[in-house]
file final.pdb (PDB, C-alpha atoms)
ATOM      1  CA  MET A   1      48.151-123.312 192.945
ATOM      2  CA  ARG A   2      47.235-126.890 193.976
ATOM      3  CA  PRO A   3      43.573-127.362 194.937
ATOM      4  CA  ARG A   4      42.863-128.287 198.523
ATOM      5  CA  LEU A   5      42.033-131.984 198.766
ATOM      6  CA  ARG A   6      39.205-131.402 201.175
ATOM      7  CA  HIS A   7      37.430-129.366 198.486
ATOM      8  CA  LEU A   8      37.845-132.225 196.018
ATOM      9  CA  ARG A   9      36.550-134.722 198.545
ATOM     10  CA  HIS A  10      33.674-132.532 199.637
ATOM     11  CA  PRO A  11      32.570-130.456 196.628
ATOM     12  CA  VAL A  12      29.116-129.781 198.093
ATOM     13  CA  ALA A  13      30.628-128.415 201.298
ATOM     14  CA  ALA A  14      32.999-126.257 199.254
ATOM     15  CA  VAL A  15      30.100-124.796 197.269
ATOM     16  CA  HIS A  16      28.147-124.037 200.451
ATOM     17  CA  SER A  17      31.226-122.398 201.961
ATOM     18  CA  LEU A  18      31.630-120.203 198.885
ATOM     19  CA  ILE A  19      27.946-119.226 198.968
ATOM     20  CA  ASP A  20      28.225-118.304 202.665
ATOM     21  CA  ARG A  21      31.258-116.121 201.936
ATOM     22  CA  LEU A  22      29.509-114.384 199.058
ATOM     23  CA  ARG A  23      26.469-113.733 201.253
ATOM     24  CA  LEU A  24      28.705-112.256 203.956
ATOM     25  CA  ILE A  25      30.397-109.967 201.419
ATOM     26  CA  ALA A  26      26.996-108.910 200.046
ATOM     27  CA  ARG A  27      25.726-108.135 203.571
ATOM     28  CA  ARG A  28      28.789-106.060 204.375
ATOM     29  CA  ARG A  29      28.387-104.031 201.204
ATOM     30  CA  ALA A  30      24.693-103.513 201.905
ATOM     31  CA  VAL A  31      25.488-102.280 205.434
ATOM     32  CA  GLU A  32      28.117 -99.898 204.044
ATOM     33  CA  HIS A  33      25.632 -98.506 201.500
ATOM     34  CA  GLN A  34      22.643 -98.191 203.843
ATOM     35  CA  PHE A  35      23.614 -94.695 204.986
ATOM     36  CA  ARG A  36      25.762 -93.482 202.107
ATOM     37  CA  GLY A  37      24.078 -90.068 202.162
ATOM     38  CA  LEU A  38      24.476 -89.625 205.916
ATOM     39  CA  LYS A  39      25.153 -86.034 206.966
ATOM     40  CA  ARG A  40      28.347 -85.980 208.994
ATOM     41  CA  ASP A  41      30.003 -83.567 211.350
ATOM     42  CA  VAL A  42      33.757 -83.026 211.799
ATOM     43  CA  ARG A  43      35.500 -83.804 215.084
ATOM     44  CA  SER A  44      39.061 -82.640 215.701
ATOM     45  CA  GLN A  45      39.336 -83.347 219.443
ATOM     46  CA  CYS A  46      38.498 -86.139 221.854
ATOM     47  CA  TRP A  47      35.664 -85.782 224.368
ATOM     48  CA  CYS A  48      38.410 -85.188 226.991
ATOM     49  CA  GLY A  49      39.895 -82.288 225.013
ATOM     50  CA  GLY A  50      42.947 -84.205 223.812
ATOM     51  CA  SER A  51      44.314 -83.844 220.284
ATOM     52  CA  LEU A  52      43.833 -86.671 217.812
ATOM     53  CA  LEU A  53      46.730 -88.648 216.409
ATOM     54  CA  PRO A  54      46.491 -90.603 213.143
ATOM     55  CA  PHE A  55      45.107 -94.137 213.421
ATOM     56  CA  ARG A  56      46.693 -96.415 210.849
ATOM     57  CA  TRP A  57      44.012 -99.077 210.916
ATOM     58  CA  HIS A  58      41.058 -96.832 210.011
ATOM     59  CA  ARG A  59      41.434 -93.363 208.530
ATOM     60  CA  GLY A  60      37.965 -92.384 209.786
ATOM     61  CA  TYR A  61      39.175 -92.540 213.402
ATOM     62  CA  GLY A  62      41.849 -90.720 215.375
ATOM     63  CA  VAL A  63      43.534 -91.738 218.628
ATOM     64  CA  CYS A  64      43.430 -89.341 221.572
ATOM     65  CA  GLU A  65      46.933 -88.480 222.706
ATOM     66  CA  ARG A  66      45.707 -88.052 226.315
ATOM     67  CA  CYS A  67      43.322 -90.902 227.114
ATOM     68  CA  GLY A  68      43.757 -93.250 224.151
ATOM     69  CA  THR A  69      40.099 -93.131 223.059
ATOM     70  CA  TYR A  70      39.502 -93.964 219.393
ATOM     71  CA  VAL A  71      37.471 -91.037 218.095
ATOM     72  CA  ASN A  72      35.229 -91.016 215.021
ATOM     73  CA  ARG A  73      36.481 -88.004 213.037
ATOM     74  CA  ARG A  74      33.324 -87.793 210.897
ATOM     75  CA  PRO A  75      30.480 -88.707 213.227
ATOM     76  CA  PRO A  76      26.873 -88.537 212.020
ATOM     77  CA  MET A  77      25.264 -85.207 212.790
ATOM     78  CA  ARG A  78      22.982 -85.278 215.815
ATOM     79  CA  GLU A  79      19.813 -84.857 213.745
ATOM     80  CA  GLU A  80      20.710 -88.041 211.843
ATOM     81  CA  LEU A  81      20.750 -90.212 214.966
ATOM     82  CA  ARG A  82      16.980 -90.633 215.093
ATOM     83  CA  ARG A  83      17.026 -91.889 211.508
ATOM     84  CA  ILE A  84      19.870 -94.319 212.189
ATOM     85  CA  TYR A  85      18.160 -95.777 215.266
ATOM     86  CA  SER A  86      14.601 -95.768 213.962
ATOM     87  CA  PHE A  87      12.435 -98.848 214.393
ATOM     88  CA  GLU A  88      12.487 -99.881 210.731
ATOM     89  CA  SER A  89      15.958 -98.691 209.773
ATOM     90  CA  TYR A  90      17.880-100.001 212.780
ATOM     91  CA  TRP A  91      15.873-102.847 214.264
ATOM     92  CA  HIS A  92      14.824-104.385 210.986
ATOM     93  CA  THR A  93      16.854-103.320 207.963
ATOM     94  CA  ARG A  94      20.265-102.789 209.589
ATOM     95  CA  GLN A  95      20.043-105.820 211.863
ATOM     96  CA  ARG A  96      19.011-108.037 208.958
ATOM     97  CA  LEU A  97      21.842-106.722 206.776
ATOM     98  CA  LYS A  98      24.310-107.507 209.571
ATOM     99  CA  GLY A  99      22.956-111.029 209.877
ATOM    100  CA  HIS A 100      21.289-110.411 213.262
ATOM    101  CA  PRO A 101      17.663-111.061 214.253
ATOM    102  CA  ASP A 102      15.240-108.131 214.253
ATOM    103  CA  ILE A 103      13.854-106.768 217.515
ATOM    104  CA  SER A 104      11.172-109.441 217.823
ATOM    105  CA  GLY A 105      13.809-112.161 217.458
ATOM    106  CA  ARG A 106      16.304-110.646 219.845
ATOM    107  CA  THR A 107      14.559-111.936 222.969
ATOM    108  CA  GLU A 108      15.184-115.551 222.031
ATOM    109  CA  ASN A 109      18.670-114.671 220.803
ATOM    110  CA  ASP A 110      19.620-113.053 224.113
ATOM    111  CA  LEU A 111      18.335-116.057 226.037
ATOM    112  CA  VAL A 112      20.219-118.571 223.900
ATOM    113  CA  ASP A 113      23.595-116.809 223.660
ATOM    114  CA  GLY A 114      23.907-116.425 227.431
ATOM    115  CA  ARG A 115      24.088-112.655 227.722
ATOM    116  CA  LEU A 116      20.924-112.313 229.815
ATOM    117  CA  ASP A 117      22.060-114.841 232.413
ATOM    118  CA  TYR A 118      25.497-113.238 232.509
ATOM    119  CA  TRP A 119      24.067-109.736 233.035
ATOM    120  CA  LEU A 120      21.681-110.881 235.767
ATOM    121  CA  THR A 121      24.461-112.718 237.609
ATOM    122  CA  LEU A 122      26.741-109.694 237.333
ATOM    123  CA  ILE A 123      24.066-107.259 238.530
ATOM    124  CA  SER A 124      23.255-109.463 241.516
ATOM    125  CA  ARG A 125      26.828-109.056 242.798
ATOM    126  CA  TYR A 126      26.461-105.285 243.075
ATOM    127  CA  SER A 127      22.783-104.523 243.608
ATOM    128  CA  ARG A 128      19.742-105.993 245.292
ATOM    129  CA  PRO A 129      16.042-105.049 245.010
ATOM    130  CA  PRO A 130      13.981-103.173 245.925
ATOM    131  CA  GLY A 131      14.776 -99.922 244.170
ATOM    132  CA  THR A 132      14.527 -98.349 240.749
ATOM    133  CA  ALA A 133      16.496 -99.732 237.797
ATOM    134  CA  VAL A 134      17.035 -97.572 234.708
ATOM    135  CA  GLU A 135      18.264 -99.052 231.438
ATOM    136  CA  ILE A 136      19.344 -96.841 228.546
ATOM    137  CA  GLY A 137      18.894 -98.618 225.220
ATOM    138  CA  CYS A 138      16.591-101.273 226.670
ATOM    139  CA  ALA A 139      15.605-102.581 223.197
ATOM    140  CA  HIS A 140      13.058-105.407 223.556
ATOM    141  CA  GLY A 141      13.058-105.046 227.347
ATOM    142  CA  ILE A 142      13.863-108.608 228.395
ATOM    143  CA  LEU A 143      16.466-107.568 230.976
ATOM    144  CA  LEU A 144      14.205-104.968 232.591
ATOM    145  CA  GLY A 145      11.383-107.497 232.567
ATOM    146  CA  ARG A 146      13.499-109.942 234.566
ATOM    147  CA  LEU A 147      14.592-107.209 236.964
ATOM    148  CA  ARG A 148      10.943-106.259 237.448
ATOM    149  CA  ASP A 149      10.206-109.886 238.356
ATOM    150  CA  LEU A 150      12.988-109.672 240.953
ATOM    151  CA  GLY A 151      11.360-106.667 242.610
ATOM    152  CA  TYR A 152      12.844-103.587 240.936
ATOM    153  CA  GLN A 153      10.794-100.658 239.662
ATOM    154  CA  CYS A 154      11.987-100.441 236.047
ATOM    155  CA  VAL A 155      12.256 -97.612 233.525
ATOM    156  CA  GLY A 156      13.794 -97.921 230.063
ATOM    157  CA  VAL A 157      14.853 -95.530 227.320
ATOM    158  CA  GLU A 158      14.991 -95.938 223.540
ATOM    159  CA  PRO A 159      15.913 -93.096 221.149
ATOM    160  CA  ASP A 160      13.084 -93.868 218.725
ATOM    161  CA  PRO A 161       9.420 -93.292 219.725
ATOM    162  CA  GLU A 162       8.149 -96.228 217.655
ATOM    163  CA  THR A 163      10.664 -98.592 219.270
ATOM    164  CA  ALA A 164       9.726 -97.341 222.732
ATOM    165  CA  GLU A 165       6.049 -97.904 221.959
ATOM    166  CA  TRP A 166       6.731-101.408 220.604
ATOM    167  CA  THR A 167       8.547-102.370 223.810
ATOM    168  CA  ARG A 168       5.878-100.824 226.042
ATOM    169  CA  ASN A 169       3.196-102.805 224.231
ATOM    170  CA  ALA A 170       5.211-106.028 224.292
ATOM    171  CA  THR A 171       6.270-105.872 227.942
ATOM    172  CA  GLY A 172       4.124-103.373 229.854
ATOM    173  CA  LEU A 173       7.306-101.596 230.956
ATOM    174  CA  ASP A 174       7.700 -97.826 231.358
ATOM    175  CA  VAL A 175       9.830 -97.104 228.266
ATOM    176  CA  ARG A 176      10.517 -93.482 227.351
ATOM    177  CA  SER A 177      11.794 -92.142 224.047
ATOM    178  CA  GLY A 178      14.642 -89.726 223.492
ATOM    179  CA  LEU A 179      18.395 -89.424 223.329
ATOM    180  CA  PHE A 180      19.806 -89.785 226.819
ATOM    181  CA  PRO A 181      20.765 -87.630 228.681
ATOM    182  CA  ASP A 182      18.035 -85.418 227.195
ATOM    183  CA  VAL A 183      15.274 -87.543 228.744
ATOM    184  CA  VAL A 184      13.600 -86.952 232.104
ATOM    185  CA  MET A 185      14.389 -89.957 234.293
ATOM    186  CA  PRO A 186      13.713 -90.828 237.940
ATOM    187  CA  SER A 187      16.398 -91.275 240.549
ATOM    188  CA  CYS A 188      17.596 -94.860 240.642
ATOM    189  CA  LYS A 189      19.540 -97.450 242.581
ATOM    190  CA  LEU A 190      20.767 -99.228 239.439
ATOM    191  CA  PHE A 191      21.777 -97.630 236.134
ATOM    192  CA  LEU A 192      22.402 -99.871 233.106
ATOM    193  CA  ALA A 193      23.710 -99.198 229.607
ATOM    194  CA  PHE A 194      24.751-102.176 227.511
ATOM    195  CA  ASP A 195      26.403-101.299 224.169
ATOM    196  CA  VAL A 196      25.203 -97.685 224.327
ATOM    197  CA  LEU A 197      28.012 -95.388 225.507
ATOM    198  CA  GLU A 198      29.981 -95.828 222.260
ATOM    199  CA  HIS A 199      26.961 -94.412 220.384
ATOM    200  CA  SER A 200      26.701 -91.283 222.532
ATOM    201  CA  PRO A 201      27.905 -87.938 221.114
ATOM    202  CA  ASP A 202      28.713 -86.802 224.674
ATOM    203  CA  PRO A 203      30.134 -89.510 226.965
ATOM    204  CA  VAL A 204      30.802 -87.027 229.783
ATOM    205  CA  GLY A 205      27.248 -85.709 229.666
ATOM    206  CA  PHE A 206      25.934 -89.280 229.525
ATOM    207  CA  LEU A 207      27.780 -90.471 232.638
ATOM    208  CA  SER A 208      27.331 -87.177 234.473
ATOM    209  CA  GLU A 209      23.566 -87.517 234.124
ATOM    210  CA  ALA A 210      23.819 -91.166 235.191
ATOM    211  CA  SER A 211      25.677 -89.958 238.276
ATOM    212  CA  ARG A 212      23.100 -87.243 238.962
ATOM    213  CA  ILE A 213      20.140 -89.622 238.973
ATOM    214  CA  LEU A 214      21.934 -92.403 240.867
ATOM    215  CA  ASP A 215      21.161 -92.708 244.548
ATOM    216  CA  ARG A 216      24.150 -92.436 246.861
ATOM    217  CA  GLY A 217      25.706 -95.893 246.962
ATOM    218  CA  GLY A 218      23.996 -96.782 243.677
ATOM    219  CA  THR A 219      25.590 -98.841 240.908
ATOM    220  CA  ALA A 220      26.109 -98.148 237.213
ATOM    221  CA  VAL A 221      26.924-101.037 234.867
ATOM    222  CA  ILE A 222      28.359 -99.855 231.545
ATOM    223  CA  GLN A 223      29.141-102.288 228.735
ATOM    224  CA  THR A 224      31.058-100.703 225.865
ATOM    225  CA  PRO A 225      34.156-101.429 223.730
ATOM    226  CA  ILE A 226      37.207-100.880 225.961
ATOM    227  CA  ASP A 227      40.596-101.679 224.445
ATOM    228  CA  ARG A 228      42.394-103.590 227.205
ATOM    229  CA  TYR A 229      44.535-105.647 224.881
ATOM    230  CA  ASP A 230      47.653-105.645 222.713
ATOM    231  CA  PHE A 231      45.817-106.805 219.592
ATOM    232  CA  GLN A 232      46.827-105.339 216.254
ATOM    233  CA  PRO A 233      44.480-104.107 214.962
ATOM    234  CA  PRO A 234      42.600-103.166 218.158
ATOM    235  CA  PHE A 235      39.999-105.766 219.221
ATOM    236  CA  GLY A 236      41.601-108.316 216.897
ATOM    237  CA  GLU A 237      39.044-110.383 214.995
ATOM    238  CA  ARG A 238      36.311-107.993 216.180
ATOM    239  CA  PHE A 239      37.989-104.949 214.631
ATOM    240  CA  LYS A 240      35.406-104.384 211.878
ATOM    241  CA  PRO A 241      32.266-104.483 214.047
ATOM    242  CA  ALA A 242      34.016-102.377 216.699
ATOM    243  CA  PHE A 243      35.054 -99.650 214.252
ATOM    244  CA  ASP A 244      31.610 -99.123 212.728
ATOM    245  CA  ASP A 245      31.858 -95.456 211.758
ATOM    246  CA  VAL A 246      28.092 -95.024 211.365
ATOM    247  CA  GLU A 247      27.228 -96.111 214.897
ATOM    248  CA  HIS A 248      30.358 -95.972 217.035
ATOM    249  CA  LEU A 249      31.506 -92.474 217.909
ATOM    250  CA  PHE A 250      34.036 -93.443 220.588
ATOM    251  CA  LEU A 251      35.850 -96.628 221.598
ATOM    252  CA  PHE A 252      37.452 -96.392 224.990
ATOM    253  CA  THR A 253      40.446 -97.483 227.040
ATOM    254  CA  ASP A 254      40.798 -98.077 230.776
ATOM    255  CA  ARG A 255      42.488 -94.664 231.036
ATOM    256  CA  ALA A 256      39.466 -93.114 229.358
ATOM    257  CA  MET A 257      37.072 -94.839 231.759
ATOM    258  CA  GLU A 258      39.079 -93.499 234.710
ATOM    259  CA  GLU A 259      38.830 -89.971 233.310
ATOM    260  CA  LEU A 260      35.100 -90.369 232.666
ATOM    261  CA  ALA A 261      34.609 -91.583 236.238
ATOM    262  CA  ALA A 262      36.499 -88.586 237.634
ATOM    263  CA  ARG A 263      34.528 -86.081 235.546
ATOM    264  CA  SER A 264      31.223 -87.734 236.435
ATOM    265  CA  HIS A 265      31.981 -88.015 240.176
ATOM    266  CA  LEU A 266      31.733 -91.781 240.070
ATOM    267  CA  ARG A 267      34.063 -94.449 241.427
ATOM    268  CA  ILE A 268      35.182 -97.503 239.454
ATOM    269  CA  VAL A 269      34.680-100.672 241.499
ATOM    270  CA  ASP A 270      35.377-103.294 238.800
ATOM    271  CA  ARG A 271      36.891-103.080 235.330
ATOM    272  CA  GLN A 272      37.804-106.710 234.719
ATOM    273  CA  GLU A 273      34.476-107.992 233.438
ATOM    274  CA  ARG A 274      33.422-108.494 229.838
ATOM    275  CA  LEU A 275      30.616-110.268 228.038
ATOM    276  CA  TRP A 276      32.942-111.009 225.119
ATOM    277  CA  LEU A 277      35.535-109.212 223.016
ATOM    278  CA  HIS A 278      34.571-105.563 222.304
ATOM    279  CA  HIS A 279      31.744-105.907 224.863
ATOM    280  CA  GLU A 280      33.820-104.995 227.929
ATOM    281  CA  ILE A 281      32.244-103.868 231.192
ATOM    282  CA  CYS A 282      33.041-101.226 233.786
ATOM    283  CA  ILE A 283      31.183-101.085 237.106
ATOM    284  CA  PHE A 284      30.805 -97.706 238.814
ATOM    285  CA  SER A 285      29.373 -96.679 242.145
ATOM    286  CA  LYS A 286      28.241 -93.289 243.390
ATOM    287  CA  PRO A 287      30.082 -92.383 246.610
TER     288      PRO A 287
END
call {"tool": "encode", "arguments": {"input": "final.pdb", "output": "structure tokens"}}
result
Amino acid sequence: MRPRLRHLRHPVAAVHSLIDRLRLIARRRAVEHQFRGLKRDVRSQCWCGGSLLPFRWHRGYGVCERCGTYVNRRPPMREELRRIYSFESYWHTRQRLKGHPDISGRTENDLVDGRLDYWLTLISRYSRPPGTAVEIGCAHGILLGRLRDLGYQCVGVEPDPETAEWTRNATGLDVRSGLFPDVVMPSCKLFLAFDVLEHSPDPVGFLSEASRILDRGGTAVIQTPIDRYDFQPPFGERFKPAFDDVEHLFLFTDRAMEELAARSHLRIVDRQERLWLHHEICIFSKP
């Protein structure tokens, strides 16, 4: 095989490129090994009750014959979730292994990459203060902090007590710990969950509780992987992070979101938005 001329002309760049690739491979292997001993359950049906068909791109997932949801066949057992999403394991070790900043660095990251501005602009189209805003998986709390500045009463949820305490101390926000929907929450005008629903063992219970606490006419903004494309494999270049079988229990379709809305007594008002690929958004309202 003839060597590429650009590598001969730029040997230093070629070496750096090789080092970057080796680091990426090492990170991926470390992520794969982080939870090798994870206790897993067995799932033979979709959340909607549909049977699972084989999924040729990842043997750990099945495809629901009814709603098209990609279902993790060997999800972590519920008691393992607190370990996965613990302050040290998730927000430090796992984020670092994936090449992401830890929780203290995520504030700057979310400002720089544009997601915060995008979310605030999107929210402003569907909801106005005053009122209560609830965010499930609020992490470092920057979004709730901005909503508080706009005049909302804000309450957040994190599954890990140490993470919730860290965010309370850093922001002064009311951040509660627990696995939603098993957390007591106030009624709200605005319900938010960005990159959370795919982690939930019970999507119907999750959105049903969101519906219960929403005020009539309230808005729910859900960002989660929704396969709206013809990519093969699903989500194209984002296939590997989307089909993370430690964290992602379900990856949805528009049909699935319609079924979830019907079961939760919510109405879909917009399903065209997305932050970026495999971060799609569905906007619901409570009639």
call {"tool": "closest_residue", "arguments": {"input": "final.pdb", "among": "A:Val269, A:Glu209, A:Ser285, A:Arg148", "to": "A:Lys189", "atoms": "only C-alpha atoms"}}
result
A:Ser285
call {"tool": "closest_residue", "arguments": {"input": "final.pdb", "among": "A:Ala261, A:Cys138, A:Leu251, A:Leu38", "to": "A:Thr167", "atoms": "only C-alpha atoms"}}
result
A:Cys138
call {"tool": "residues_around", "arguments": {"input": "final.pdb", "residues": "stretch 204-207 of chain A", "least_positions_apart": "2", "cutoff": "9 Å", "atoms": "all atoms listed in the file", "output": "NGL selection string"}}
result
:A and (47-48 or 180-181 or 197 or 200-202 or 209-212 or 260-261 or 263-266)
call {"tool": "atom_distance", "arguments": {"input": "final.pdb", "atom1": "atom CA of A:Asp270", "atom2": "atom CA of A:Glu65"}}
result
24.7 Å
call {"tool": "resolve_selection", "arguments": {"input": "final.pdb", "expression": "the PyMOL selection byres ((chain A and resi 53) around 8)", "output": "PyMOL selection string"}}
result
chain A and resi 51-52+54-55+62-65
call {"tool": "resolve_selection", "arguments": {"input": "final.pdb", "expression": "the PyMOL selection byres ((chain A and resi 234) around 12)", "output": "number ranges by chain"}}
result
A: 55-58, 63, 68-70, 225-233, 235-243, 251-253, 277-278
call {"tool": "write_last_selection", "arguments": {"input": "final.pdb", "atoms": "C-alpha atoms", "output": "PDB file, keeping the file's coordinate frame"}}
result
ATOM      1  CA  PHE A  55      45.107 -94.137 213.421  1.00  0.00           C
ATOM      2  CA  ARG A  56      46.693 -96.415 210.849  1.00  0.00           C
ATOM      3  CA  TRP A  57      44.012 -99.077 210.916  1.00  0.00           C
ATOM      4  CA  HIS A  58      41.058 -96.832 210.011  1.00  0.00           C
ATOM      5  CA  VAL A  63      43.534 -91.738 218.628  1.00  0.00           C
ATOM      6  CA  GLY A  68      43.757 -93.250 224.151  1.00  0.00           C
ATOM      7  CA  THR A  69      40.099 -93.131 223.059  1.00  0.00           C
ATOM      8  CA  TYR A  70      39.502 -93.964 219.393  1.00  0.00           C
ATOM      9  CA  PRO A 225      34.156-101.429 223.730  1.00  0.00           C
ATOM     10  CA  ILE A 226      37.207-100.880 225.961  1.00  0.00           C
ATOM     11  CA  ASP A 227      40.596-101.679 224.445  1.00  0.00           C
ATOM     12  CA  ARG A 228      42.394-103.590 227.205  1.00  0.00           C
ATOM     13  CA  TYR A 229      44.535-105.647 224.881  1.00  0.00           C
ATOM     14  CA  ASP A 230      47.653-105.645 222.713  1.00  0.00           C
ATOM     15  CA  PHE A 231      45.817-106.805 219.592  1.00  0.00           C
ATOM     16  CA  GLN A 232      46.827-105.339 216.254  1.00  0.00           C
ATOM     17  CA  PRO A 233      44.480-104.107 214.962  1.00  0.00           C
ATOM     18  CA  PHE A 235      39.999-105.766 219.221  1.00  0.00           C
ATOM     19  CA  GLY A 236      41.601-108.316 216.897  1.00  0.00           C
ATOM     20  CA  GLU A 237      39.044-110.383 214.995  1.00  0.00           C
ATOM     21  CA  ARG A 238      36.311-107.993 216.180  1.00  0.00           C
ATOM     22  CA  PHE A 239      37.989-104.949 214.631  1.00  0.00           C
ATOM     23  CA  LYS A 240      35.406-104.384 211.878  1.00  0.00           C
ATOM     24  CA  PRO A 241      32.266-104.483 214.047  1.00  0.00           C
ATOM     25  CA  ALA A 242      34.016-102.377 216.699  1.00  0.00           C
ATOM     26  CA  PHE A 243      35.054 -99.650 214.252  1.00  0.00           C
ATOM     27  CA  LEU A 251      35.850 -96.628 221.598  1.00  0.00           C
ATOM     28  CA  PHE A 252      37.452 -96.392 224.990  1.00  0.00           C
ATOM     29  CA  THR A 253      40.446 -97.483 227.040  1.00  0.00           C
ATOM     30  CA  LEU A 277      35.535-109.212 223.016  1.00  0.00           C
ATOM     31  CA  HIS A 278      34.571-105.563 222.304  1.00  0.00           C
TER      32      HIS A 278
END
call {"tool": "residues_around", "arguments": {"input": "final.pdb", "residues": "stretch 120-136 of chain A", "least_positions_apart": "5", "cutoff": "8 Å", "atoms": "only C-alpha atoms", "output": "list in words"}}
result
Leu143, Leu144, Leu147, Leu150, Gly151, Tyr152, Gln153, Cys154, Val155, Gly156, Val157, Glu158, Phe180, Ser187, Cys188, Lys189, Leu190, Phe191, Leu192, Ala193, Phe194, Val196, Gly218, Thr219 and Val221 of chain A
call {"tool": "resolve_selection", "arguments": {"input": "final.pdb", "expression": "the PyMOL selection byres ((chain A and resi 101-110) around 10)", "output": "ChimeraX atom specification"}}
result
/A:87-88,90-100,111-117,139-143,163,166-167,170
call {"tool": "closest_residue", "arguments": {"input": "final.pdb", "among": "A:Val71, A:Glu162, A:Lys39, A:Tyr61", "to": "A:Ser86", "atoms": "all atoms listed in the file"}}
result
A:Glu162
call {"tool": "atom_distance", "arguments": {"input": "final.pdb", "atom1": "atom CA of A:Ile222", "atom2": "atom CA of A:Glu273"}}
result
10.4 Å
call {"tool": "build_atoms", "arguments": {"input": "final.pdb", "residues": "stretch 213-231 of chain A", "atoms": "N, CA and C atoms", "output": "compact mmCIF listing (two decimals), keeping the file's coordinate frame"}}
result
# COMPACT_ATOMS: atom_id res chain seq x y z
N ILE A 213 21.38 -88.93 238.61
CA ILE A 213 20.14 -89.62 238.97
C ILE A 213 20.39 -90.83 239.87
N LEU A 214 21.64 -91.27 239.99
CA LEU A 214 21.93 -92.40 240.87
C LEU A 214 21.80 -92.01 242.33
N ASP A 215 21.18 -92.88 243.10
CA ASP A 215 21.16 -92.71 244.55
C ASP A 215 22.58 -92.86 245.09
N ARG A 216 22.85 -92.24 246.22
CA ARG A 216 24.15 -92.44 246.86
C ARG A 216 24.33 -93.93 247.17
N GLY A 217 25.47 -94.47 246.79
CA GLY A 217 25.71 -95.89 246.96
C GLY A 217 25.17 -96.73 245.82
N GLY A 218 24.54 -96.06 244.82
CA GLY A 218 24.00 -96.78 243.68
C GLY A 218 25.08 -97.29 242.74
N THR A 219 24.66 -98.16 241.82
CA THR A 219 25.59 -98.84 240.91
C THR A 219 25.24 -98.54 239.46
N ALA A 220 26.27 -98.29 238.66
CA ALA A 220 26.11 -98.15 237.21
C ALA A 220 26.91 -99.25 236.52
N VAL A 221 26.27 -99.98 235.64
CA VAL A 221 26.92 -101.04 234.87
C VAL A 221 26.96 -100.59 233.41
N ILE A 222 28.17 -100.37 232.90
CA ILE A 222 28.36 -99.86 231.54
C ILE A 222 29.12 -100.89 230.72
N GLN A 223 28.48 -101.37 229.68
CA GLN A 223 29.14 -102.29 228.74
C GLN A 223 29.40 -101.53 227.45
N THR A 224 30.67 -101.49 227.03
CA THR A 224 31.06 -100.70 225.86
C THR A 224 32.42 -101.21 225.39
N PRO A 225 32.80 -101.01 224.14
CA PRO A 225 34.16 -101.43 223.73
C PRO A 225 35.23 -100.68 224.51
N ILE A 226 36.08 -101.44 225.21
CA ILE A 226 37.21 -100.88 225.96
C ILE A 226 38.45 -101.67 225.55
N ASP A 227 39.41 -101.00 224.95
CA ASP A 227 40.60 -101.68 224.44
C ASP A 227 41.56 -101.94 225.60
N ARG A 228 41.54 -103.17 226.09
CA ARG A 228 42.39 -103.59 227.20
C ARG A 228 43.49 -104.54 226.74
N TYR A 229 43.73 -104.58 225.46
CA TYR A 229 44.54 -105.65 224.88
C TYR A 229 45.71 -105.09 224.07
N ASP A 230 46.53 -106.01 223.59
CA ASP A 230 47.65 -105.64 222.71
C ASP A 230 47.40 -106.13 221.29
N PHE A 231 46.14 -106.33 220.93
CA PHE A 231 45.82 -106.80 219.59
C PHE A 231 46.15 -105.74 218.54
